[in-house]
file query.txt (compact mmCIF, C-alpha atoms)
# COMPACT_ATOMS: atom_id res chain seq x y z
CA ASP A 1 -38.01 93.88 35.15
CA THR A 2 -35.43 92.19 32.93
CA GLU A 3 -35.42 94.82 30.26
CA VAL A 4 -32.59 96.75 28.69
CA THR A 5 -34.01 99.77 26.88
CA GLN A 6 -32.19 101.36 23.97
CA THR A 7 -33.06 104.61 22.25
CA PRO A 8 -33.47 105.52 19.53
CA LYS A 9 -34.50 102.37 17.65
CA HIS A 10 -33.34 103.83 14.35
CA LEU A 11 -30.90 106.65 13.58
CA VAL A 12 -29.78 108.17 10.31
CA MET A 13 -26.91 110.62 10.48
CA GLY A 14 -24.50 112.41 8.22
CA MET A 15 -20.75 112.12 8.57
CA THR A 16 -20.50 115.56 10.21
CA ASN A 17 -23.28 115.02 12.75
CA LYS A 18 -22.96 114.42 16.48
CA LYS A 19 -25.47 112.03 18.00
CA SER A 20 -25.81 109.82 21.05
CA LEU A 21 -27.19 106.35 21.67
CA LYS A 22 -28.73 105.66 25.04
CA CYS A 23 -29.12 102.51 27.09
CA GLU A 24 -30.89 102.00 30.40
CA GLN A 25 -31.39 99.09 32.79
CA HIS A 26 -32.93 98.88 36.25
CA MET A 27 -31.87 95.38 37.23
CA GLY A 28 -29.06 96.55 39.50
CA HIS A 29 -26.49 95.18 37.07
CA ARG A 30 -22.96 96.50 37.53
CA ALA A 31 -21.61 95.58 34.10
CA MET A 32 -22.78 97.20 30.89
CA TYR A 33 -21.61 96.58 27.35
CA TRP A 34 -21.70 98.12 23.88
CA TYR A 35 -21.57 95.86 20.84
CA LYS A 36 -21.54 96.54 17.12
CA GLN A 37 -23.19 94.01 14.82
CA LYS A 38 -23.01 93.90 11.05
CA ALA A 39 -25.50 91.90 9.01
CA LYS A 40 -25.13 88.12 9.33
CA LYS A 41 -22.22 88.47 11.75
CA PRO A 42 -22.09 87.94 15.52
CA PRO A 43 -21.93 90.98 17.81
CA GLU A 44 -18.47 92.50 18.24
CA LEU A 45 -17.61 93.83 21.66
CA MET A 46 -16.74 97.53 21.73
CA PHE A 47 -16.71 98.62 25.37
CA VAL A 48 -17.35 97.18 28.82
CA TYR A 49 -18.14 99.21 31.92
CA SER A 50 -17.77 97.55 35.29
CA TYR A 51 -18.99 99.44 38.34
CA GLU A 52 -19.23 102.57 36.17
CA LYS A 53 -15.59 102.42 35.17
CA LEU A 54 -14.41 101.60 31.66
CA SER A 55 -13.02 98.10 31.88
CA ILE A 56 -12.50 97.12 28.26
CA ASN A 57 -12.03 99.19 25.11
CA GLU A 58 -11.56 96.88 22.16
CA SER A 59 -9.43 99.36 20.19
CA VAL A 60 -12.51 101.27 19.08
CA PRO A 61 -11.89 104.45 17.03
CA SER A 62 -12.18 107.69 18.99
CA ARG A 63 -15.19 108.77 16.95
CA PHE A 64 -17.08 106.46 19.34
CA SER A 65 -17.05 107.78 22.89
CA PRO A 66 -18.77 105.84 25.68
CA GLU A 67 -20.06 107.33 28.89
CA CYS A 68 -21.55 105.77 32.00
CA PRO A 69 -23.24 108.58 34.00
CA ASN A 70 -24.52 106.16 36.67
CA SER A 71 -25.05 102.47 37.27
CA SER A 72 -28.29 102.39 35.25
CA LEU A 73 -27.30 104.40 32.21
CA LEU A 74 -24.85 103.92 29.37
CA ASN A 75 -24.37 106.30 26.46
CA LEU A 76 -22.45 106.05 23.24
CA HIS A 77 -21.54 109.41 21.72
CA LEU A 78 -21.00 109.45 17.98
CA HIS A 79 -19.05 112.05 16.01
CA ALA A 80 -17.68 112.18 12.48
CA LEU A 81 -18.74 108.63 11.68
CA GLN A 82 -18.01 106.85 8.42
CA PRO A 83 -20.49 104.95 6.23
CA GLU A 84 -18.84 101.68 7.29
CA ASP A 85 -19.97 102.42 10.85
CA SER A 86 -23.54 101.67 9.77
CA ALA A 87 -24.65 98.68 11.84
CA LEU A 88 -26.90 97.49 14.65
CA TYR A 89 -25.55 98.78 17.97
CA LEU A 90 -26.47 96.59 20.90
CA CYS A 91 -26.32 97.40 24.59
CA ALA A 92 -26.24 94.65 27.21
CA SER A 93 -25.95 94.34 30.96
CA SER A 94 -25.13 91.59 33.43
CA GLN A 95 -24.77 91.19 37.16
CA ALA A 96 -21.00 91.46 36.93
CA GLN A 97 -18.49 91.48 34.10
CA GLY A 98 -18.62 88.11 32.37
CA PHE A 99 -20.95 86.61 34.96
CA GLY A 100 -24.65 86.01 35.06
CA ILE A 101 -27.20 86.20 32.31
CA GLN A 102 -26.38 88.96 29.85
CA TYR A 103 -29.52 90.82 28.86
CA PHE A 104 -29.47 92.60 25.53
CA GLY A 105 -31.48 95.56 24.35
CA ALA A 106 -33.28 95.51 21.01
CA GLY A 107 -30.54 97.64 19.49
CA THR A 108 -30.24 100.88 17.56
CA ARG A 109 -30.10 100.52 13.78
CA LEU A 110 -27.61 103.20 12.67
CA SER A 111 -27.19 104.39 9.11
CA VAL A 112 -24.39 106.81 8.28
CA LEU A 113 -24.84 108.67 5.00
CA LYS B 1 -8.20 82.37 14.30
CA ASN B 2 -11.49 82.50 16.14
CA GLN B 3 -11.28 80.77 19.48
CA VAL B 4 -14.95 79.73 19.32
CA GLU B 5 -15.98 77.71 16.29
CA GLN B 6 -19.59 76.88 15.52
CA SER B 7 -20.99 74.38 13.09
CA PRO B 8 -22.82 74.13 10.87
CA GLN B 9 -22.78 77.68 9.53
CA SER B 10 -26.40 77.27 8.46
CA LEU B 11 -29.03 74.59 8.75
CA ILE B 12 -32.48 74.02 7.25
CA ILE B 13 -34.87 71.55 8.90
CA LEU B 14 -38.55 70.71 8.69
CA GLU B 15 -40.94 71.75 11.42
CA GLY B 16 -41.21 69.12 14.13
CA LYS B 17 -37.73 67.69 13.56
CA ASN B 18 -34.88 67.78 16.06
CA CYS B 19 -31.47 69.29 15.42
CA THR B 20 -28.11 69.74 17.14
CA LEU B 21 -25.76 72.69 16.84
CA GLN B 22 -22.09 72.43 17.77
CA CYS B 23 -19.67 74.77 19.48
CA ASN B 24 -15.95 74.02 19.95
CA TYR B 25 -13.68 76.38 21.80
CA THR B 26 -10.02 76.82 22.66
CA VAL B 27 -10.21 79.76 25.09
CA SER B 28 -8.82 79.27 28.58
CA PRO B 29 -9.02 79.43 31.50
CA PHE B 30 -12.66 78.63 31.01
CA SER B 31 -15.28 80.46 33.05
CA ASN B 32 -18.65 79.81 31.45
CA LEU B 33 -20.36 79.06 28.15
CA ARG B 34 -23.59 80.62 26.95
CA TRP B 35 -25.98 79.95 24.12
CA TYR B 36 -28.01 82.82 22.70
CA LYS B 37 -30.86 82.97 20.21
CA GLN B 38 -31.02 86.03 17.99
CA ASP B 39 -33.98 86.80 15.76
CA THR B 40 -33.20 88.96 12.74
CA GLY B 41 -32.92 92.64 13.68
CA ARG B 42 -33.28 92.01 17.41
CA GLY B 43 -30.93 91.65 20.33
CA PRO B 44 -29.75 88.18 21.41
CA VAL B 45 -31.70 86.37 24.11
CA SER B 46 -29.95 84.09 26.58
CA LEU B 47 -30.95 80.40 26.40
CA THR B 48 -28.50 78.74 28.79
CA ILE B 49 -25.36 79.42 30.80
CA MET B 50 -23.08 76.61 31.95
CA THR B 51 -20.07 76.66 34.20
CA PHE B 52 -17.23 74.15 34.36
CA SER B 53 -19.07 71.74 36.66
CA GLU B 54 -22.29 71.59 34.63
CA ASN B 55 -22.59 69.20 31.72
CA THR B 56 -26.21 69.69 30.75
CA LYS B 57 -28.83 72.37 31.09
CA SER B 58 -32.31 72.62 29.65
CA ASN B 59 -34.60 75.51 28.82
CA GLY B 60 -37.86 74.16 27.45
CA ARG B 61 -37.16 72.49 24.12
CA TYR B 62 -33.52 73.62 24.21
CA THR B 63 -30.91 71.42 25.87
CA ALA B 64 -27.27 72.43 26.04
CA THR B 65 -24.43 70.08 26.86
CA LEU B 66 -20.87 70.87 27.84
CA ASP B 67 -17.78 68.68 27.83
CA ALA B 68 -15.10 70.81 29.46
CA ASP B 69 -12.46 68.14 28.85
CA THR B 70 -12.86 68.16 25.08
CA LYS B 71 -13.97 71.82 25.05
CA GLN B 72 -17.14 71.08 23.16
CA SER B 73 -20.72 72.15 23.64
CA SER B 74 -23.90 71.35 21.77
CA LEU B 75 -27.37 72.83 21.66
CA HIS B 76 -30.14 70.36 20.93
CA ILE B 77 -33.52 71.63 19.79
CA THR B 78 -36.42 69.23 20.14
CA ALA B 79 -39.60 69.26 18.06
CA SER B 80 -38.62 72.39 16.17
CA GLN B 81 -41.11 75.17 15.53
CA LEU B 82 -41.19 77.88 12.88
CA SER B 83 -40.34 80.40 15.60
CA ASP B 84 -37.03 78.62 16.19
CA SER B 85 -35.76 80.14 12.95
CA ALA B 86 -32.97 82.42 14.14
CA SER B 87 -29.22 82.64 14.62
CA TYR B 88 -27.80 80.69 17.54
CA ILE B 89 -24.62 82.10 19.02
CA CYS B 90 -22.18 80.38 21.37
CA VAL B 91 -20.21 82.66 23.71
CA VAL B 92 -17.35 81.49 25.94
CA SER B 93 -16.06 83.56 28.86
CA ALA B 94 -12.47 83.06 29.97
CA GLY B 95 -9.62 84.66 31.81
CA TYR B 96 -9.34 87.04 34.73
CA ASN B 97 -11.67 89.60 33.16
CA ASN B 98 -14.11 86.93 31.93
CA ASP B 99 -13.49 88.13 28.39
CA MET B 100 -16.27 86.92 26.16
CA ARG B 101 -15.49 85.31 22.83
CA PHE B 102 -18.34 84.98 20.34
CA GLY B 103 -18.76 82.24 17.81
CA ALA B 104 -19.88 83.20 14.31
CA GLY B 105 -23.29 81.64 14.93
CA THR B 106 -25.43 79.04 13.21
CA ARG B 107 -28.30 80.30 11.11
CA LEU B 108 -31.25 77.90 11.59
CA THR B 109 -34.24 77.92 9.27
CA VAL B 110 -37.29 75.83 10.15
CA LYS B 111 -39.62 75.20 7.21
CA PRO B 112 -43.23 74.05 7.36

call {"tool": "encode", "arguments": {"input": "query.txt", "output": "structure tokens"}}
result
Amino acid sequence: DTEVTQTPKHLVMGMTNKKSLKCEQHMGHRAMYWYKQKAKKPPELMFVYSYEKLSINESVPSRFSPECPNSSLLNLHLHALQPEDSALYLCASSQAQGFGIQYFGAGTRLSVL
Amino acid sequence: KNQVEQSPQSLIILEGKNCTLQCNYTVSPFSNLRWYKQDTGRGPVSLTIMTFSENTKSNGRYTATLDADTKQSSLHITASQLSDSASYICVVSAGYNNDMRFGAGTRLTVKP
């Protein structure tokens, strides 16, 4: 199983809502990543978890809050988002941080109204 | 300034033709270089990964090359198919944390 599963596939939320994006992998990978991707741009790294500890936070606003409950799960909690936060949010995992094939999920298409 | 530069920005070729995409990087110390294919609206899919000691790696009709001395990589696509239409992204890992630096991608369109 080389799948990274992201839910939901699509999400529409208002600026006052609280929502969460979920990501799951069962490949035994110890590194998990959140990326934000705008149209026609490459993915931008947001967070990296290595062995369930936050390893990298690329100066992401606090309205995005990551959580890694266990080695298979990664969440991204959203609160008080802005319209400019609308994007494709991608989750990925790899054997270790920066090593091995990085498997991406299909993404969550987020629209903030 | 982006430390991973890809060229061309976009490319249109006819089905069955070959093409080569370029990736130049300045990040160091180098750890590995990856090429990804991303279809519109989907997550990227890994094509190849190369470390310092590897100078060529193939995956079907995709062949990646790496010159660690000149810090250049290329992705050659042979006998292109319509399904090759996608964005191709070069990612270089470097440093103690293997920080990944993404290129802006090349948008390839294969026409019948």

call {"tool": "closest_residue", "arguments": {"input": "query.txt", "among": "A:Glu3, A:Pro61, A:Leu21, A:Leu90", "to": "Leu45 of chain A", "atoms": "only C-alpha atoms"}}
result
A:Leu90

call {"tool": "interface_residues", "arguments": {"input": "query.txt", "of": "chain A", "to": "chain B", "cutoff": "12 Å", "atoms": "all atoms listed in the file", "output": "JSON, numbers by chain"}}
result
{"A": [2, 3, 4, 5, 6, 9, 10, 31, 33, 34, 35, 36, 37, 38, 39, 40, 41, 42, 43, 44, 45, 46, 47, 48, 49, 50, 55, 56, 57, 58, 87, 88, 89, 90, 91, 92, 93, 94, 96, 97, 98, 99, 100, 101, 102, 103, 104, 105, 106, 107, 108, 109, 110]}

call {"tool": "atom_distance", "arguments": {"input": "query.txt", "atom1": "atom CA of Lys57 of chain B", "atom2": "atom CA of Cys19 of chain B"}}
result
16.2 Å

call {"tool": "atom_distance", "arguments": {"input": "query.txt", "atom1": "atom CA of Phe64 of chain A", "atom2": "atom CA of Ser20 of chain A"}}
result
9.5 Å

call {"tool": "atom_distance", "arguments": {"input": "query.txt", "atom1": "atom CA of Gln95 of chain A", "atom2": "atom CA of Glu52 of chain A"}}
result
12.7 Å

call {"tool": "axis_aligned_box", "arguments": {"input": "query.txt", "around": "segment 33-51 of chain A", "padding_each_side": "4 Å", "output": "AutoDock Vina command-line options"}}
result
--center_x -21.1 --center_y 93.7 --center_z 23.7 --size_x 16.8 --size_y 19.5 --size_z 37.3

call {"tool": "closest_residue", "arguments": {"input": "query.txt", "among": "B:Lys37, B:Glu5, B:Asp69, B:Tyr25", "to": "Leu108 of chain B", "atoms": "all atoms listed in the file"}}
result
B:Lys37

call {"tool": "closest_residue", "arguments": {"input": "query.txt", "among": "B:Ala86, B:Val4, B:Met50, B:Ala79", "to": "Lys17 of chain B", "atoms": "all atoms listed in the file"}}
result
B:Ala79

call {"tool": "residues_around", "arguments": {"input": "query.txt", "residues": "segment 78-82 of chain A", "least_positions_apart": "2", "cutoff": "10 Å", "atoms": "all atoms listed in the file", "output": "PyMOL selection string"}}
result
chain A and resi 13-21+61-66+75-76+84-86+111-113

call {"tool": "residues_near_point", "arguments": {"input": "query.txt", "point": "(-35.9, 72.7, 14.5)", "cutoff": "12 Å", "atoms": "all atoms listed in the file", "output": "JSON, numbers by chain"}}
result
{"B": [11, 12, 13, 14, 15, 16, 17, 18, 19, 20, 21, 61, 62, 75, 76, 77, 78, 79, 80, 81, 82, 83, 84, 85, 86, 87, 88, 107, 108, 109, 110, 111, 112]}

call {"tool": "decode", "arguments": {"input": "query.txt", "residues": "segment 54-80 of chain A", "atoms": "N, CA, C and O atoms", "output": "PDB file, in the first residue's frame"}}
result
ATOM      1  N   LEU A  54       7.185  18.085  15.496  1.00  0.00           N
ATOM      2  CA  LEU A  54       7.256  19.139  14.489  1.00  0.00           C
ATOM      3  C   LEU A  54       8.722  19.493  14.247  1.00  0.00           C
ATOM      4  O   LEU A  54       9.423  19.908  15.169  1.00  0.00           O
ATOM      5  N   SER A  55       9.142  19.308  13.020  1.00  0.00           N
ATOM      6  CA  SER A  55      10.538  19.531  12.665  1.00  0.00           C
ATOM      7  C   SER A  55      10.727  20.872  11.955  1.00  0.00           C
ATOM      8  O   SER A  55      11.710  21.569  12.177  1.00  0.00           O
ATOM      9  N   ILE A  56       9.809  21.202  11.086  1.00  0.00           N
ATOM     10  CA  ILE A  56       9.906  22.444  10.322  1.00  0.00           C
ATOM     11  C   ILE A  56       8.547  23.136  10.309  1.00  0.00           C
ATOM     12  O   ILE A  56       7.522  22.507  10.074  1.00  0.00           O
ATOM     13  N   ASN A  57       8.573  24.426  10.588  1.00  0.00           N
ATOM     14  CA  ASN A  57       7.403  25.292  10.441  1.00  0.00           C
ATOM     15  C   ASN A  57       7.889  26.465   9.612  1.00  0.00           C
ATOM     16  O   ASN A  57       8.670  27.290  10.084  1.00  0.00           O
ATOM     17  N   GLU A  58       7.439  26.524   8.362  1.00  0.00           N
ATOM     18  CA  GLU A  58       7.933  27.549   7.456  1.00  0.00           C
ATOM     19  C   GLU A  58       7.210  28.878   7.659  1.00  0.00           C
ATOM     20  O   GLU A  58       6.611  29.417   6.735  1.00  0.00           O
ATOM     21  N   SER A  59       7.248  29.369   8.903  1.00  0.00           N
ATOM     22  CA  SER A  59       6.656  30.676   9.219  1.00  0.00           C
ATOM     23  C   SER A  59       5.199  30.772   8.768  1.00  0.00           C
ATOM     24  O   SER A  59       4.774  31.775   8.188  1.00  0.00           O
ATOM     25  N   VAL A  60       4.470  29.705   9.057  1.00  0.00           N
ATOM     26  CA  VAL A  60       3.059  29.643   8.662  1.00  0.00           C
ATOM     27  C   VAL A  60       2.218  30.387   9.701  1.00  0.00           C
ATOM     28  O   VAL A  60       2.456  30.252  10.910  1.00  0.00           O
ATOM     29  N   PRO A  61       1.229  31.182   9.260  1.00  0.00           N
ATOM     30  CA  PRO A  61       0.369  31.901  10.219  1.00  0.00           C
ATOM     31  C   PRO A  61      -0.309  30.951  11.198  1.00  0.00           C
ATOM     32  O   PRO A  61      -0.615  29.800  10.869  1.00  0.00           O
ATOM     33  N   SER A  62      -0.574  31.455  12.394  1.00  0.00           N
ATOM     34  CA  SER A  62      -1.110  30.603  13.464  1.00  0.00           C
ATOM     35  C   SER A  62      -2.540  30.147  13.195  1.00  0.00           C
ATOM     36  O   SER A  62      -3.041  29.273  13.918  1.00  0.00           O
ATOM     37  N   ARG A  63      -3.182  30.691  12.194  1.00  0.00           N
ATOM     38  CA  ARG A  63      -4.525  30.211  11.854  1.00  0.00           C
ATOM     39  C   ARG A  63      -4.476  28.799  11.263  1.00  0.00           C
ATOM     40  O   ARG A  63      -5.499  28.135  11.104  1.00  0.00           O
ATOM     41  N   PHE A  64      -3.267  28.331  10.933  1.00  0.00           N
ATOM     42  CA  PHE A  64      -3.037  26.943  10.532  1.00  0.00           C
ATOM     43  C   PHE A  64      -2.326  26.244  11.695  1.00  0.00           C
ATOM     44  O   PHE A  64      -1.238  26.676  12.105  1.00  0.00           O
ATOM     45  N   SER A  65      -2.906  25.177  12.189  1.00  0.00           N
ATOM     46  CA  SER A  65      -2.335  24.484  13.336  1.00  0.00           C
ATOM     47  C   SER A  65      -2.208  22.994  13.027  1.00  0.00           C
ATOM     48  O   SER A  65      -3.204  22.288  12.925  1.00  0.00           O
ATOM     49  N   PRO A  66      -0.975  22.489  12.875  1.00  0.00           N
ATOM     50  CA  PRO A  66      -0.817  21.077  12.568  1.00  0.00           C
ATOM     51  C   PRO A  66      -0.850  20.226  13.832  1.00  0.00           C
ATOM     52  O   PRO A  66      -0.594  20.699  14.936  1.00  0.00           O
ATOM     53  N   GLU A  67      -1.159  18.954  13.608  1.00  0.00           N
ATOM     54  CA  GLU A  67      -1.178  18.004  14.721  1.00  0.00           C
ATOM     55  C   GLU A  67      -0.836  16.631  14.176  1.00  0.00           C
ATOM     56  O   GLU A  67      -1.328  16.249  13.112  1.00  0.00           O
ATOM     57  N   CYS A  68       0.000  15.905  14.915  1.00  0.00           N
ATOM     58  CA  CYS A  68       0.363  14.550  14.503  1.00  0.00           C
ATOM     59  C   CYS A  68       0.020  13.607  15.651  1.00  0.00           C
ATOM     60  O   CYS A  68       0.861  13.351  16.519  1.00  0.00           O
ATOM     61  N   PRO A  69      -1.205  13.069  15.679  1.00  0.00           N
ATOM     62  CA  PRO A  69      -1.641  12.242  16.817  1.00  0.00           C
ATOM     63  C   PRO A  69      -0.846  10.939  16.953  1.00  0.00           C
ATOM     64  O   PRO A  69      -0.645  10.451  18.056  1.00  0.00           O
ATOM     65  N   ASN A  70      -0.433  10.370  15.815  1.00  0.00           N
ATOM     66  CA  ASN A  70       0.402   9.171  15.835  1.00  0.00           C
ATOM     67  C   ASN A  70       1.162   9.097  14.523  1.00  0.00           C
ATOM     68  O   ASN A  70       1.016   9.969  13.662  1.00  0.00           O
ATOM     69  N   SER A  71       1.941   8.056  14.358  1.00  0.00           N
ATOM     70  CA  SER A  71       2.843   7.991  13.203  1.00  0.00           C
ATOM     71  C   SER A  71       2.112   7.843  11.878  1.00  0.00           C
ATOM     72  O   SER A  71       2.716   8.022  10.821  1.00  0.00           O
ATOM     73  N   SER A  72       0.820   7.517  11.903  1.00  0.00           N
ATOM     74  CA  SER A  72       0.083   7.305  10.654  1.00  0.00           C
ATOM     75  C   SER A  72      -0.814   8.476  10.283  1.00  0.00           C
ATOM     76  O   SER A  72      -1.313   8.533   9.158  1.00  0.00           O
ATOM     77  N   LEU A  73      -1.034   9.372  11.222  1.00  0.00           N
ATOM     78  CA  LEU A  73      -2.030  10.423  11.017  1.00  0.00           C
ATOM     79  C   LEU A  73      -1.409  11.815  11.105  1.00  0.00           C
ATOM     80  O   LEU A  73      -0.520  12.059  11.929  1.00  0.00           O
ATOM     81  N   LEU A  74      -1.928  12.701  10.275  1.00  0.00           N
ATOM     82  CA  LEU A  74      -1.507  14.098  10.312  1.00  0.00           C
ATOM     83  C   LEU A  74      -2.747  14.945  10.068  1.00  0.00           C
ATOM     84  O   LEU A  74      -3.499  14.691   9.124  1.00  0.00           O
ATOM     85  N   ASN A  75      -2.962  15.911  10.930  1.00  0.00           N
ATOM     86  CA  ASN A  75      -4.108  16.805  10.783  1.00  0.00           C
ATOM     87  C   ASN A  75      -3.625  18.228  10.562  1.00  0.00           C
ATOM     88  O   ASN A  75      -2.517  18.598  10.962  1.00  0.00           O
ATOM     89  N   LEU A  76      -4.479  19.015   9.939  1.00  0.00           N
ATOM     90  CA  LEU A  76      -4.227  20.445   9.818  1.00  0.00           C
ATOM     91  C   LEU A  76      -5.503  21.155  10.227  1.00  0.00           C
ATOM     92  O   LEU A  76      -6.523  21.061   9.537  1.00  0.00           O
ATOM     93  N   HIS A  77      -5.452  21.827  11.376  1.00  0.00           N
ATOM     94  CA  HIS A  77      -6.620  22.516  11.907  1.00  0.00           C
ATOM     95  C   HIS A  77      -6.633  23.948  11.372  1.00  0.00           C
ATOM     96  O   HIS A  77      -5.596  24.634  11.382  1.00  0.00           O
ATOM     97  N   LEU A  78      -7.823  24.346  10.918  1.00  0.00           N
ATOM     98  CA  LEU A  78      -7.974  25.643  10.259  1.00  0.00           C
ATOM     99  C   LEU A  78      -8.933  26.513  11.061  1.00  0.00           C
ATOM    100  O   LEU A  78     -10.006  26.049  11.465  1.00  0.00           O
ATOM    101  N   HIS A  79      -8.562  27.757  11.268  1.00  0.00           N
ATOM    102  CA  HIS A  79      -9.436  28.663  12.036  1.00  0.00           C
ATOM    103  C   HIS A  79      -9.213  30.092  11.575  1.00  0.00           C
ATOM    104  O   HIS A  79      -8.076  30.535  11.462  1.00  0.00           O
ATOM    105  N   ALA A  80     -10.333  30.785  11.336  1.00  0.00           N
ATOM    106  CA  ALA A  80     -10.274  32.201  10.945  1.00  0.00           C
ATOM    107  C   ALA A  80      -9.406  32.401   9.709  1.00  0.00           C
ATOM    108  O   ALA A  80      -8.529  33.280   9.678  1.00  0.00           O
TER     109      ALA A  80
END
